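Asks: Enclosed is the structure file final06.pdb (PDB, C-alpha atoms).
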```
ATOM      1  CA  MET A   1     -21.064 -12.919   5.770
ATOM      2  CA  PRO A   2     -22.783 -15.543   7.951
ATOM      3  CA  ARG A   3     -26.234 -16.821   7.109
ATOM      4  CA  ASP A   4     -29.113 -15.567   9.263
ATOM      5  CA  TYR A   5     -30.706 -18.575  10.983
ATOM      6  CA  THR A   6     -33.202 -16.462  12.937
ATOM      7  CA  GLY A   7     -36.656 -18.042  12.862
ATOM      8  CA  GLN A   8     -35.400 -21.157  11.063
ATOM      9  CA  PRO A   9     -35.748 -24.716  12.387
ATOM     10  CA  PRO A  10     -32.530 -26.124  13.882
ATOM     11  CA  THR A  11     -31.962 -28.439  10.913
ATOM     12  CA  ALA A  12     -32.288 -25.690   8.249
ATOM     13  CA  PHE A  13     -29.532 -24.965   5.743
ATOM     14  CA  GLN A  14     -27.207 -27.940   5.899
ATOM     15  CA  ARG A  15     -23.788 -26.681   4.786
ATOM     16  CA  ARG A  16     -22.905 -29.936   3.007
ATOM     17  CA  PRO A  17     -26.268 -31.451   1.996
ATOM     18  CA  HIS A  18     -24.662 -34.386   0.145
ATOM     19  CA  LEU A  19     -23.535 -35.708   3.559
ATOM     20  CA  THR A  20     -27.073 -35.643   4.992
ATOM     21  CA  ARG A  21     -28.585 -39.011   5.889
ATOM     22  CA  ASP A  22     -32.214 -40.145   5.987
ATOM     23  CA  ASP A  23     -34.450 -41.115   8.924
ATOM     24  CA  ALA A  24     -33.662 -44.836   8.654
ATOM     25  CA  TRP A  25     -29.919 -44.103   8.893
ATOM     26  CA  ILE A  26     -30.486 -41.771  11.879
ATOM     27  CA  LYS A  27     -32.554 -44.396  13.724
ATOM     28  CA  ALA A  28     -29.928 -47.082  13.153
ATOM     29  CA  PHE A  29     -27.143 -44.763  14.299
ATOM     30  CA  LEU A  30     -28.981 -43.770  17.508
ATOM     31  CA  LYS A  31     -29.462 -47.438  18.348
ATOM     32  CA  GLU A  32     -25.709 -48.072  18.130
ATOM     33  CA  ALA A  33     -24.071 -44.822  19.323
ATOM     34  CA  ARG A  34     -22.349 -45.320  22.678
ATOM     35  CA  VAL A  35     -22.195 -41.781  24.114
ATOM     36  CA  GLY A  36     -24.354 -38.723  23.631
ATOM     37  CA  HIS A  37     -23.907 -35.136  24.737
ATOM     38  CA  ILE A  38     -26.975 -33.360  26.106
ATOM     39  CA  ALA A  39     -27.010 -29.594  25.603
ATOM     40  CA  THR A  40     -29.072 -27.506  28.015
ATOM     41  CA  SER A  41     -29.123 -23.763  28.588
ATOM     42  CA  VAL A  42     -30.100 -21.519  31.489
ATOM     43  CA  ASP A  43     -29.808 -17.735  31.645
ATOM     44  CA  GLY A  44     -27.963 -17.723  28.329
ATOM     45  CA  GLN A  45     -25.280 -20.104  29.634
ATOM     46  CA  PRO A  46     -25.004 -23.366  27.656
ATOM     47  CA  PHE A  47     -24.042 -26.639  29.337
ATOM     48  CA  ILE A  48     -23.001 -29.884  27.649
ATOM     49  CA  THR A  49     -23.194 -33.152  29.562
ATOM     50  CA  PRO A  50     -21.930 -36.513  28.274
ATOM     51  CA  THR A  51     -24.272 -39.414  28.941
ATOM     52  CA  THR A  52     -25.410 -42.848  27.921
ATOM     53  CA  PHE A  53     -28.828 -42.817  26.243
ATOM     54  CA  TRP A  54     -31.474 -45.027  24.681
ATOM     55  CA  PHE A  55     -33.496 -44.291  21.551
ATOM     56  CA  ASP A  56     -37.074 -45.442  22.152
ATOM     57  CA  GLU A  57     -38.118 -45.799  18.525
ATOM     58  CA  GLU A  58     -41.729 -46.732  19.290
ATOM     59  CA  ASN A  59     -42.345 -43.478  21.201
ATOM     60  CA  HIS A  60     -39.918 -41.350  19.145
ATOM     61  CA  LEU A  61     -37.935 -40.209  22.169
ATOM     62  CA  VAL A  62     -34.500 -40.394  23.713
ATOM     63  CA  ALA A  63     -34.133 -41.468  27.344
ATOM     64  CA  PHE A  64     -31.231 -40.871  29.698
ATOM     65  CA  HIS A  65     -30.742 -40.479  33.434
ATOM     66  CA  SER A  66     -28.782 -38.564  36.056
ATOM     67  CA  ASN A  67     -28.687 -38.094  39.788
ATOM     68  CA  VAL A  68     -31.915 -36.859  41.353
ATOM     69  CA  VAL A  69     -30.295 -33.459  42.043
ATOM     70  CA  GLY A  70     -27.784 -31.525  39.985
ATOM     71  CA  ARG A  71     -27.207 -29.089  37.155
ATOM     72  CA  ILE A  72     -28.830 -31.076  34.357
ATOM     73  CA  ARG A  73     -32.111 -31.568  36.229
ATOM     74  CA  SER A  74     -32.178 -27.939  37.332
ATOM     75  CA  ASN A  75     -31.486 -26.775  33.784
ATOM     76  CA  ILE A  76     -34.212 -28.958  32.262
ATOM     77  CA  GLU A  77     -36.762 -27.884  34.855
ATOM     78  CA  THR A  78     -35.926 -24.247  34.018
ATOM     79  CA  ASN A  79     -35.614 -24.614  30.232
ATOM     80  CA  SER A  80     -36.865 -27.854  28.697
ATOM     81  CA  LYS A  81     -35.541 -27.176  25.176
ATOM     82  CA  VAL A  82     -32.510 -29.431  24.664
ATOM     83  CA  SER A  83     -30.411 -31.062  22.008
ATOM     84  CA  LEU A  84     -28.471 -34.295  21.940
ATOM     85  CA  GLU A  85     -25.388 -34.955  19.840
ATOM     86  CA  ALA A  86     -23.961 -38.416  19.195
ATOM     87  CA  SER A  87     -21.012 -39.045  16.925
ATOM     88  CA  GLU A  88     -18.408 -41.526  15.811
ATOM     89  CA  LEU A  89     -14.980 -40.447  14.620
ATOM     90  CA  GLY A  90     -12.808 -42.346  12.180
ATOM     91  CA  LYS A  91      -9.371 -41.497  10.889
ATOM     92  CA  MET A  92      -7.865 -38.073  10.294
ATOM     93  CA  LEU A  93      -7.700 -37.077   6.613
ATOM     94  CA  PRO A  94      -4.633 -35.041   5.537
ATOM     95  CA  SER A  95      -4.575 -32.804   2.489
ATOM     96  CA  ASN A  96      -2.116 -30.696   0.542
ATOM     97  CA  VAL A  97      -4.480 -27.726   0.980
ATOM     98  CA  SER A  98      -4.832 -26.144   4.434
ATOM     99  CA  LEU A  99      -8.604 -25.799   4.390
ATOM    100  CA  GLU A 100      -9.218 -29.344   3.125
ATOM    101  CA  PHE A 101      -7.806 -31.227   6.143
ATOM    102  CA  SER A 102     -10.701 -33.289   7.461
ATOM    103  CA  LEU A 103     -11.728 -36.396   9.362
ATOM    104  CA  GLN A 104     -14.116 -39.264   8.951
ATOM    105  CA  TYR A 105     -17.246 -38.868  11.058
ATOM    106  CA  ARG A 106     -20.830 -39.933  11.520
ATOM    107  CA  SER A 107     -23.126 -37.816  13.644
ATOM    108  CA  VAL A 108     -26.709 -37.187  14.648
ATOM    109  CA  MET A 109     -28.232 -34.091  16.207
ATOM    110  CA  VAL A 110     -31.566 -34.433  18.000
ATOM    111  CA  PHE A 111     -33.658 -31.399  18.952
ATOM    112  CA  GLY A 112     -36.595 -31.556  21.321
ATOM    113  CA  THR A 113     -38.211 -30.948  24.659
ATOM    114  CA  ALA A 114     -37.046 -32.843  27.725
ATOM    115  CA  ARG A 115     -39.090 -33.753  30.765
ATOM    116  CA  VAL A 116     -38.394 -35.487  34.026
ATOM    117  CA  VAL A 117     -40.283 -38.785  33.975
ATOM    118  CA  THR A 118     -42.459 -38.934  37.101
ATOM    119  CA  ASP A 119     -44.448 -42.102  36.420
ATOM    120  CA  PRO A 120     -42.544 -45.005  38.074
ATOM    121  CA  ALA A 121     -43.662 -47.552  35.465
ATOM    122  CA  GLU A 122     -42.477 -45.353  32.591
ATOM    123  CA  ALA A 123     -39.196 -44.589  34.402
ATOM    124  CA  ARG A 124     -38.534 -48.307  34.873
ATOM    125  CA  ARG A 125     -39.369 -49.071  31.240
ATOM    126  CA  LEU A 126     -36.948 -46.379  30.049
ATOM    127  CA  LEU A 127     -34.184 -47.458  32.426
ATOM    128  CA  TYR A 128     -34.560 -51.090  31.368
ATOM    129  CA  GLY A 129     -34.412 -49.937  27.731
ATOM    130  CA  LEU A 130     -31.193 -48.069  28.518
ATOM    131  CA  ILE A 131     -29.646 -51.091  30.261
ATOM    132  CA  GLY A 132     -30.780 -53.333  27.396
ATOM    133  CA  LYS A 133     -28.977 -51.147  24.847
ATOM    134  CA  TYR A 134     -25.613 -51.462  26.570
ATOM    135  CA  PHE A 135     -26.030 -54.975  28.055
ATOM    136  CA  PRO A 136     -28.372 -56.780  25.644
ATOM    137  CA  GLY A 137     -27.673 -60.253  26.995
ATOM    138  CA  MET A 138     -28.592 -59.453  30.599
ATOM    139  CA  THR A 139     -32.048 -59.783  32.175
ATOM    140  CA  ALA A 140     -33.491 -57.991  35.198
ATOM    141  CA  GLY A 141     -34.209 -60.443  37.994
ATOM    142  CA  LYS A 142     -31.748 -62.942  36.558
ATOM    143  CA  GLU A 143     -28.259 -61.437  36.091
ATOM    144  CA  TYR A 144     -28.995 -58.269  38.051
ATOM    145  CA  ARG A 145     -31.463 -57.097  40.683
ATOM    146  CA  GLU A 146     -34.565 -55.357  39.407
ATOM    147  CA  ILE A 147     -34.823 -51.589  39.967
ATOM    148  CA  THR A 148     -35.976 -50.834  43.520
ATOM    149  CA  GLU A 149     -38.216 -48.015  44.706
ATOM    150  CA  LYS A 150     -35.274 -46.537  46.628
ATOM    151  CA  GLU A 151     -33.090 -46.527  43.497
ATOM    152  CA  LEU A 152     -35.876 -44.949  41.475
ATOM    153  CA  ARG A 153     -36.251 -42.141  44.050
ATOM    154  CA  ALA A 154     -32.490 -41.441  43.796
ATOM    155  CA  THR A 155     -32.515 -41.197  39.990
ATOM    156  CA  SER A 156     -33.802 -38.621  37.535
ATOM    157  CA  VAL A 157     -35.023 -40.253  34.354
ATOM    158  CA  TYR A 158     -35.528 -37.957  31.363
ATOM    159  CA  ALA A 159     -37.421 -38.317  28.107
ATOM    160  CA  ILE A 160     -36.583 -36.046  25.190
ATOM    161  CA  GLN A 161     -39.545 -35.866  22.842
ATOM    162  CA  ILE A 162     -37.883 -35.607  19.440
ATOM    163  CA  GLU A 163     -39.096 -32.637  17.410
ATOM    164  CA  SER A 164     -36.459 -32.753  14.667
ATOM    165  CA  TRP A 165     -33.153 -34.389  13.894
ATOM    166  CA  SER A 166     -30.412 -34.514  11.327
ATOM    167  CA  GLY A 167     -27.735 -37.020  10.463
ATOM    168  CA  LYS A 168     -24.473 -36.588   8.569
ATOM    169  CA  GLU A 169     -21.773 -38.955   7.435
ATOM    170  CA  ASN A 170     -18.390 -38.153   5.925
ATOM    171  CA  TRP A 171     -16.508 -41.437   5.629
ATOM    172  CA  GLU A 172     -14.355 -40.639   2.604
ATOM    173  CA  GLN A 173     -11.002 -42.416   2.477
ATOM    174  CA  ARG A 174      -9.155 -39.209   1.569
ATOM    175  CA  ALA A 175      -9.682 -35.473   1.889
ATOM    176  CA  ASP A 176      -9.783 -33.321  -1.231
ATOM    177  CA  GLN A 177      -6.356 -32.620  -2.729
ATOM    178  CA  SER A 178      -5.261 -29.863  -5.086
ATOM    179  CA  ASP A 179      -3.461 -30.400  -8.380
ATOM    180  CA  GLU A 180      -2.004 -26.895  -7.921
ATOM    181  CA  TRP A 181       0.341 -28.190  -5.211
ATOM    182  CA  PRO A 182       2.622 -31.241  -5.083
ATOM    183  CA  PRO A 183       0.733 -34.368  -3.968
ATOM    184  CA  LEU A 184       1.267 -35.646  -0.446
ATOM    185  CA  ASP A 185       3.641 -38.526   0.131
ATOM    186  CA  GLU A 186       1.767 -41.811   0.671
ATOM    187  CA  LYS A 187       3.195 -42.010   4.223
ATOM    188  CA  TRP A 188       0.544 -39.448   5.291
ATOM    189  CA  PHE A 189      -2.227 -41.877   4.350
ATOM    190  CA  GLU A 190      -0.961 -44.877   6.325
TER
END
```
I'd like the structure from this file rewritten - as structure tokens, please.
Replies:
Amino acid sequence: MPRDYTGQPPTAFQRRPHLTRDDAWIKAFLKEARVGHIATSVDGQPFITPTTFWFDEENHLVAFHSNVVGRIRSNIETNSKVSLEASELGKMLPSNVSLEFSLQYRSVMVFGTARVVTDPAEARRLLYGLIGKYFPGMTAGKEYREITEKELRATSVYAIQIESWSGKENWEQRADQSDEWPPLDEKWFE
């Protein structure tokens, strides 16, 4: 019978608590993760949108952007509760037991409230933070043109105020195996 999560925070009842990681690990992972998936919901319909993002550690928020019009902005303006998932996958892990097949992964889930950033100075700061994450050696006004007013008007910049998060890591070299079944041939682990 499934567990009742009603009234519980989104990070309650981790199924495999030994894989849970601490805040320092989560912060480091968010700084390095390349792609995130923003989950929004309107009228009971969930939407997941892949995006680049920047973790603003000082203000404990995640920033990302989209076009000035579209589904993600409409969804956030209707329902500001969102989540962000970022993950890294490693190798597939075979087993000699059906339910033990697994994979290496690292992941973070962020839960919070998103808002459209309306202050131009804050929007620029967040966009420059985002660019700096992915292109750390480049400088505005030197390698690329600084953000213009026109570009800012054509962009929606979002800030997710982080309310809770969780991080997990399963980077075992092998999945669990059973001694009640013949061991797998080593070729499956190459």
Asks: Run through the PyMOL selection byres ((chain A and resi 85) around 6) on the given coordinates and return the selected residues as a compact mmCIF listing (two decimals) with C-alpha atoms, in the coordinates of the input.
Replies:
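Printed below is part-v7.txt as written:
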```txt
# COMPACT_ATOMS: atom_id res chain seq x y z
CA GLY A 36 -24.35 -38.72 23.63
CA HIS A 37 -23.91 -35.14 24.74
CA LEU A 84 -28.47 -34.30 21.94
CA ALA A 86 -23.96 -38.42 19.20
CA VAL A 108 -26.71 -37.19 14.65
CA MET A 109 -28.23 -34.09 16.21
```
Asks: So what does the PyMOL selection byres ((chain A and resi 149-157) around 8) actually pick up in this one, as a PDB file with C-alpha atoms, in the coordinates of the input?
Replies:
```
ATOM      1  CA  ALA A  63     -34.133 -41.468  27.344  1.00  0.00           C
ATOM      2  CA  PHE A  64     -31.231 -40.871  29.698  1.00  0.00           C
ATOM      3  CA  HIS A  65     -30.742 -40.479  33.434  1.00  0.00           C
ATOM      4  CA  SER A  66     -28.782 -38.564  36.056  1.00  0.00           C
ATOM      5  CA  ASN A  67     -28.687 -38.094  39.788  1.00  0.00           C
ATOM      6  CA  VAL A  68     -31.915 -36.859  41.353  1.00  0.00           C
ATOM      7  CA  VAL A  69     -30.295 -33.459  42.043  1.00  0.00           C
ATOM      8  CA  ARG A  73     -32.111 -31.568  36.229  1.00  0.00           C
ATOM      9  CA  VAL A 116     -38.394 -35.487  34.026  1.00  0.00           C
ATOM     10  CA  VAL A 117     -40.283 -38.785  33.975  1.00  0.00           C
ATOM     11  CA  PRO A 120     -42.544 -45.005  38.074  1.00  0.00           C
ATOM     12  CA  ALA A 123     -39.196 -44.589  34.402  1.00  0.00           C
ATOM     13  CA  ARG A 124     -38.534 -48.307  34.873  1.00  0.00           C
ATOM     14  CA  LEU A 126     -36.948 -46.379  30.049  1.00  0.00           C
ATOM     15  CA  LEU A 127     -34.184 -47.458  32.426  1.00  0.00           C
ATOM     16  CA  ILE A 147     -34.823 -51.589  39.967  1.00  0.00           C
ATOM     17  CA  THR A 148     -35.976 -50.834  43.520  1.00  0.00           C
ATOM     18  CA  TYR A 158     -35.528 -37.957  31.363  1.00  0.00           C
ATOM     19  CA  ALA A 159     -37.421 -38.317  28.107  1.00  0.00           C
TER      20      ALA A 159
END
```
Asks: Excluding segment 163-170 of chain A and its own-chain neighbours fewer than 5 positions away, which residues fall within 7 Å of it when counting only C-alpha atoms? Please give them as a ChimeraX atom specification.
Replies: /A:11,19-21,26,104-112
Asks: What does the PyMOL selection byres ((chain A and resi 188-190) around 10) select in this file, as a VMD selection string?
Replies: chain A and resid 91 to 95 173 to 174 184 to 187
Asks: Counting only C-alpha atoms, figure out which residue out of A:Lys133, A:Glu57, A:Gly44, A:Thr52 gets nearest to Ala24 of chain A.
Replies: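 Of the candidates, the smallest distance to Ala24 of chain A is held by A:Glu57.
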Asks: For Thr49 of chain A, find every residue with an atom within 9 Å (counting only C-alpha atoms), except residues of its own chain fewer than 2 positions away, and show them as a list of chain:residue names.
Replies: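 Within the cut-off, the hits are A:Gly36, A:His37, A:Ile38, A:Ala39, A:Thr40, A:Phe47, A:Thr51, A:Ile72.
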Asks: For a test of reading the model, state the distance in Å between atom CA of Phe55 of chain A and atom CA of Thr139 of chain A, rounded to one decimal.
Replies: 18.8 Å
Asks: To one decimal in Å, tell me the separation between atom CA of Phe135 of chain A and atom CA of Phe29 of chain A.
Replies: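 Rounded to one decimal, the two atoms are 17.2 Å apart.
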Asks: Produce the centre coordinates and the three edge lengths, each in Å to one decimal, of the box along x, y and z that contains all listed atoms of segment 151-164 of chain A with 8 Å added on each side, as lines of an AutoDock Vina configuration file.
Replies:
```
center_x = -36.0
center_y = -39.6
center_z = 29.4
size_x = 23.1
size_y = 29.9
size_z = 45.4
```
Asks: Could you jot down the atom CA of Tyr144 of chain A to atom CA of Val62 of chain A separation for me, Å, one decimal place?
Replies: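 Straight-line distance from atom CA of Tyr144 of chain A to atom CA of Val62 of chain A works out to 23.6 Å.
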Asks: For Ile76 of chain A, which residue out of A:Lys27, A:Arg16, A:Arg115, A:Arg3 is the nearest one, using all atoms listed in the file?
Replies: A:Arg115
Asks: Let me make sure I understand: among A:Ala114, A:Val97, A:Ala175, A:Ile48, which one has the smallest atom-to-atom distance to Thr78 of chain A if we use only C-alpha atoms?
Replies: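 Among A:Ala114, A:Val97, A:Ala175, A:Ile48, it is A:Ala114 that comes nearest to Thr78 of chain A.
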Asks: Please determine, counting all atoms listed in the file, which residue among A:Gln177, A:Thr118, A:Gln8, A:Ser87 has the shortest atom-to-atom distance to Pro50 of chain A.
Replies: A:Ser87
